[in-house]
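First comes the structure, then the notes that go with it.
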Amino acid sequence: MQSYAPAFVPTPERVAALDRLGDEIALLSAHLDAASARLLELIREFDSRGGWNSDFRSCAAWLSWRVGLDPGAARERVRVARALGTLPLLADALARGELSYAKVRALTRVATPETEARLLGVGRAGTAAHVERIVRGWRCVDRRAEARETALRHRRRGLRVSQEEDGMVVVRGRLEPVVGALLIQALAAAREALYQRARVAEGEDRCGNVSAETPSMAQRQADALALLAETALHQGLDPGTPGERYQVVVHVDASALADPEQPGQSVLEDGARVSAETSQRLACDASRVVMRHDEDGRVVEIGARTRTIPPALRRALAHRDRGCRFPGCGGRFAEGHHLRHWAHGGPTTLSNLALLCRRHHRSVHEEGFQVARGPDGMLAFRWPDGRPLPDVPAPAAVPADPVATLRANHEAQGLRLTARTGLPGWLGEPLDVVWAIDVLHPLAQGARPALDHSTLGG
Ligand SMILES: [Zn+2]
Ligand SMILES: [Zn+2]
């Protein structure tokens, strides 16, 4: 039969040349894996020190913006970087070029400090495909264990309310994590509301009574719980629509809205004061009801309720901006920001509007970030100190021969890499995943009947 592929005649010279090429690929891969370990270390440090927190939603969003990774890959890098912080054996193996980034990435999905040593063995012995399959099986066992734990936690929930002889009511309970988080958040919100009320009241009779002792955290928690109960009963236990739940009414003097330096009032419905910058942000994209007050503060005239940005314009804005325009964000739930505030005479037109997510809307109004539309019609963002904040930062300068530089750096660190550094110990025998997990996973005992080859992809 005739073959049209170029015939490969395996002369000894050709075989040797291809071997050298293969070795070079393996060697450079080991160098890149070792460099990845350093990269992940830097990302972990940047993340833990909150380097991204100046104005990005997450470390991954920052990474995606700064080095141009796609968002999924950026999230994965940050996840692996964080995981390696508690997995020194896997981190070392990557740094020595012994395990590929692909293997480490798979292993960090299941590894814990207790199981890390065994999984390192799996990584060393198997190919990347073996490691992937073992990790998948491992997760099945983990998930089952987790489901058992969740069911157990659910059964152990409870709240006891009893009354002591002196009339005090004792509350003791155990809540599932999500419910607990909800309670903690609600208590924090209630504490905040009480604290603000107290501040307003204090302002009113500053020259009156000597203020009582500052209540302890436990006392404030008790007050917050009372407010929660009161509020719940008052609202008839109806959570309402999200729009109603989070509606905020701000009374603001027109002069304060136009110029934060001007004296004037910005007061929430319950009497708490907010900064003029905050009221500008809330007014930037809101329903407006204009009320005129007379000198004594009585309302003399109420206008019709209007949306600052009419629905048709909002649709056009959403279509044009597609989400938050802040560099590196793109958040989908966004508010319309007036580049020049309407209180300063800025028009509500497409060219004077930009979508910003709630967080970045705050950055612009309250944290000193600046945004303007340039003569070319493009938005230009700036850090609070005036430095430009580009949409796509310039890539870092790379030496003329990056590979030689990488090798020289590793050499200088005493890292001896060869074409065989990352080679698995596998000799070609078939892999029995079920058996492997049964032997390795601490919780796998008895998992065998439910764990079969079909769930593990062969
Ligand atoms: Zn705004
Ligand atoms: Zn944003």
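Going through the structure tokens in order, the chains are called A, B, and so on, while each chain numbers its residues from 1 and the ligands are numbered from 1 in the order shown.
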Spatial neighbours of Gly123 (chain A), 8 Å, only C-alpha atoms, chain gap at least 5 places, as JSON, numbers by chain: {"A": [99, 103, 104, 107, 128, 131, 424]}
File of the preceding selection, N, CA and C atoms, as a PDB file, in the first residue's frame:
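The resulting file, out.pdb, is reproduced below:
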ATOM      1  N   LEU A  99       6.872  17.402  39.575  1.00  0.00           N
ATOM      2  CA  LEU A  99       5.460  17.221  39.224  1.00  0.00           C
ATOM      3  C   LEU A  99       5.075  18.365  38.295  1.00  0.00           C
ATOM      4  N   LYS A 103      -0.545  18.149  36.978  1.00  0.00           N
ATOM      5  CA  LYS A 103      -0.746  17.159  38.049  1.00  0.00           C
ATOM      6  C   LYS A 103      -1.022  17.849  39.384  1.00  0.00           C
ATOM      7  N   VAL A 104      -0.238  18.886  39.674  1.00  0.00           N
ATOM      8  CA  VAL A 104      -0.410  19.586  40.947  1.00  0.00           C
ATOM      9  C   VAL A 104      -1.802  20.215  41.021  1.00  0.00           C
ATOM     10  N   LEU A 107      -4.209  17.433  41.800  1.00  0.00           N
ATOM     11  CA  LEU A 107      -4.056  16.900  43.159  1.00  0.00           C
ATOM     12  C   LEU A 107      -4.548  17.888  44.213  1.00  0.00           C
ATOM     13  N   ALA A 128      -0.342  12.086  33.840  1.00  0.00           N
ATOM     14  CA  ALA A 128      -1.331  13.120  34.153  1.00  0.00           C
ATOM     15  C   ALA A 128      -2.747  12.548  34.037  1.00  0.00           C
ATOM     16  N   VAL A 131      -3.531  10.525  37.173  1.00  0.00           N
ATOM     17  CA  VAL A 131      -3.755  11.414  38.311  1.00  0.00           C
ATOM     18  C   VAL A 131      -5.162  11.993  38.222  1.00  0.00           C
ATOM     19  N   PRO A 424       7.189  10.170  35.074  1.00  0.00           N
ATOM     20  CA  PRO A 424       6.483   9.366  36.072  1.00  0.00           C
ATOM     21  C   PRO A 424       7.137   7.993  36.236  1.00  0.00           C
TER      22      PRO A 424
END
Given 7 Å and only C-alpha atoms and all ligand atoms, residues near ligand 2 as a VMD selection string: chain A and resid 324 to 326 329 to 331 356 to 360
Selection within 9 Å of ligand 1 by only C-alpha atoms and all ligand atoms, output as a VMD selection string: chain A and resid 280 to 285 335 to 341 353 to 356 361 to 362 364 to 365
Using the selection just defined, write its residues with N, CA and C atoms as a compact mmCIF listing (two decimals), in the first residue's frame.
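Generated output (selection_10.txt):
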# COMPACT_ATOMS: atom_id res chain seq x y z
N GLN A 280 -24.54 61.32 46.76
CA GLN A 280 -24.35 61.55 45.32
C GLN A 280 -24.38 60.24 44.56
N ARG A 281 -23.73 59.21 45.15
CA ARG A 281 -23.72 57.92 44.47
C ARG A 281 -25.14 57.35 44.39
N LEU A 282 -25.85 57.39 45.53
CA LEU A 282 -27.19 56.82 45.54
C LEU A 282 -28.10 57.57 44.57
N ALA A 283 -27.86 58.87 44.42
CA ALA A 283 -28.71 59.67 43.54
C ALA A 283 -28.32 59.51 42.08
N CYS A 284 -27.12 58.99 41.84
CA CYS A 284 -26.58 58.89 40.48
C CYS A 284 -27.53 58.08 39.59
N ASP A 285 -28.08 57.01 40.15
CA ASP A 285 -28.97 56.14 39.38
C ASP A 285 -30.09 55.71 40.33
N GLU A 335 -24.82 49.71 37.80
CA GLU A 335 -25.65 50.91 37.93
C GLU A 335 -25.16 51.94 36.92
N GLY A 336 -26.04 52.85 36.57
CA GLY A 336 -25.63 53.91 35.65
C GLY A 336 -24.92 55.01 36.42
N HIS A 337 -23.72 55.37 35.98
CA HIS A 337 -22.97 56.45 36.64
C HIS A 337 -22.92 57.65 35.70
N HIS A 338 -23.29 58.81 36.24
CA HIS A 338 -23.17 60.05 35.47
C HIS A 338 -21.72 60.52 35.55
N LEU A 339 -21.01 60.59 34.42
CA LEU A 339 -19.62 61.04 34.45
C LEU A 339 -19.57 62.46 35.03
N ARG A 340 -20.51 63.27 34.61
CA ARG A 340 -20.71 64.57 35.27
C ARG A 340 -22.08 64.47 35.93
N HIS A 341 -22.09 64.62 37.27
CA HIS A 341 -23.31 64.33 38.02
C HIS A 341 -24.47 65.24 37.59
N LEU A 353 -22.93 58.80 30.46
CA LEU A 353 -23.20 57.68 31.38
C LEU A 353 -22.19 56.56 31.16
N ALA A 354 -21.95 55.80 32.23
CA ALA A 354 -21.14 54.58 32.12
C ALA A 354 -21.67 53.61 33.15
N LEU A 355 -21.70 52.33 32.81
CA LEU A 355 -22.14 51.34 33.79
C LEU A 355 -21.00 51.03 34.75
N LEU A 356 -21.33 50.97 36.04
CA LEU A 356 -20.36 50.57 37.06
C LEU A 356 -21.08 49.64 38.03
N HIS A 361 -18.86 51.69 41.66
CA HIS A 361 -19.57 52.97 41.74
C HIS A 361 -19.12 53.68 43.03
N ARG A 362 -18.96 52.86 44.08
CA ARG A 362 -18.47 53.40 45.35
C ARG A 362 -17.03 53.92 45.19
N VAL A 364 -15.63 55.19 42.69
CA VAL A 364 -15.58 56.44 41.96
C VAL A 364 -16.14 57.60 42.81
N HIS A 365 -17.22 57.33 43.54
CA HIS A 365 -17.81 58.43 44.32
C HIS A 365 -17.11 58.66 45.65
Spatial neighbours of Leu120 (chain A), 12 Å, only C-alpha atoms, chain gap at least 6 places, as an NGL selection string: :A and (87-94 or 98-100 or 103-108 or 110-114 or 126 or 131 or 135 or 424 or 440)
Resulting file, chosen residues, N, CA and C atoms, as a compact mmCIF listing (two decimals), in the first residue's frame:
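Result file is again-v8.txt:
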# COMPACT_ATOMS: atom_id res chain seq x y z
N LEU A 87 0.09 22.88 51.54
CA LEU A 87 0.54 21.59 51.02
C LEU A 87 2.02 21.68 50.62
N PRO A 88 2.91 21.71 51.60
CA PRO A 88 4.33 21.98 51.29
C PRO A 88 4.97 20.90 50.41
N LEU A 89 4.52 19.64 50.55
CA LEU A 89 5.16 18.57 49.77
C LEU A 89 4.87 18.75 48.28
N LEU A 90 3.60 19.04 47.96
CA LEU A 90 3.24 19.25 46.55
C LEU A 90 3.91 20.51 46.02
N ALA A 91 3.96 21.56 46.85
CA ALA A 91 4.60 22.81 46.42
C ALA A 91 6.07 22.56 46.10
N ASP A 92 6.75 21.80 46.96
CA ASP A 92 8.18 21.50 46.73
C ASP A 92 8.37 20.69 45.46
N ALA A 93 7.51 19.69 45.25
CA ALA A 93 7.67 18.83 44.08
C ALA A 93 7.51 19.65 42.79
N LEU A 94 6.61 20.63 42.82
CA LEU A 94 6.44 21.51 41.65
C LEU A 94 7.68 22.39 41.49
N GLU A 98 9.51 18.24 39.55
CA GLU A 98 9.23 16.81 39.57
C GLU A 98 7.78 16.49 39.23
N LEU A 99 6.87 17.40 39.57
CA LEU A 99 5.46 17.22 39.22
C LEU A 99 5.07 18.37 38.29
N SER A 100 4.30 18.05 37.26
CA SER A 100 3.88 19.11 36.34
C SER A 100 2.80 19.96 37.00
N LYS A 103 -0.54 18.15 36.98
CA LYS A 103 -0.75 17.16 38.05
C LYS A 103 -1.02 17.85 39.38
N VAL A 104 -0.24 18.89 39.67
CA VAL A 104 -0.41 19.59 40.95
C VAL A 104 -1.80 20.21 41.02
N ARG A 105 -2.23 20.77 39.89
CA ARG A 105 -3.55 21.40 39.84
C ARG A 105 -4.63 20.36 40.16
N ALA A 106 -4.51 19.17 39.57
CA ALA A 106 -5.50 18.12 39.83
C ALA A 106 -5.42 17.67 41.29
N LEU A 107 -4.21 17.43 41.80
CA LEU A 107 -4.06 16.90 43.16
C LEU A 107 -4.55 17.89 44.21
N THR A 108 -4.36 19.21 43.96
CA THR A 108 -4.78 20.18 44.97
C THR A 108 -6.30 20.25 45.09
N VAL A 110 -8.12 17.76 45.82
CA VAL A 110 -8.55 16.85 46.88
C VAL A 110 -7.57 16.79 48.05
N ALA A 111 -6.32 17.20 47.85
CA ALA A 111 -5.31 16.98 48.88
C ALA A 111 -5.58 17.81 50.12
N THR A 112 -5.30 17.24 51.29
CA THR A 112 -5.32 17.95 52.56
C THR A 112 -3.95 17.70 53.19
N PRO A 113 -3.60 18.46 54.22
CA PRO A 113 -2.29 18.20 54.84
C PRO A 113 -2.14 16.73 55.26
N GLU A 114 -3.27 16.06 55.60
CA GLU A 114 -3.18 14.66 56.05
C GLU A 114 -2.94 13.70 54.88
N GLY A 126 2.14 8.17 38.57
CA GLY A 126 1.21 8.08 37.44
C GLY A 126 1.43 9.14 36.37
N VAL A 131 -3.53 10.52 37.17
CA VAL A 131 -3.76 11.41 38.31
C VAL A 131 -5.16 11.99 38.22
N VAL A 135 -8.03 11.42 41.03
CA VAL A 135 -8.62 12.57 41.72
C VAL A 135 -10.14 12.56 41.57
N PRO A 424 7.19 10.17 35.07
CA PRO A 424 6.48 9.37 36.07
C PRO A 424 7.14 7.99 36.24
N LEU A 440 -5.79 4.10 49.15
CA LEU A 440 -5.21 5.39 49.50
C LEU A 440 -6.12 6.29 50.33
Contacts of Phe381 (chain A) within 7 Å, only C-alpha atoms, excl. fewer than 6 positions in-chain, as a PyMOL selection string: chain A and resi 370-372+388-390
Which neighbours of region 395-409 of chain A fall inside 7 Å, counting only C-alpha atoms, when residues of the same chain fewer than 3 positions from it are skipped, and could you give them as a PDB file with C-alpha atoms, in the first residue's frame?
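To be explicit, this is the file written out as out_9.pdb:
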ATOM      1  CA  HIS A  31      12.002  24.632  34.033  1.00  0.00           C
ATOM      2  CA  VAL A  67      -1.417  39.380  32.911  1.00  0.00           C
ATOM      3  CA  ALA A 412      21.900  30.036  40.349  1.00  0.00           C
ATOM      4  CA  GLN A 413      19.267  28.718  42.817  1.00  0.00           C
TER       5      GLN A 413
END
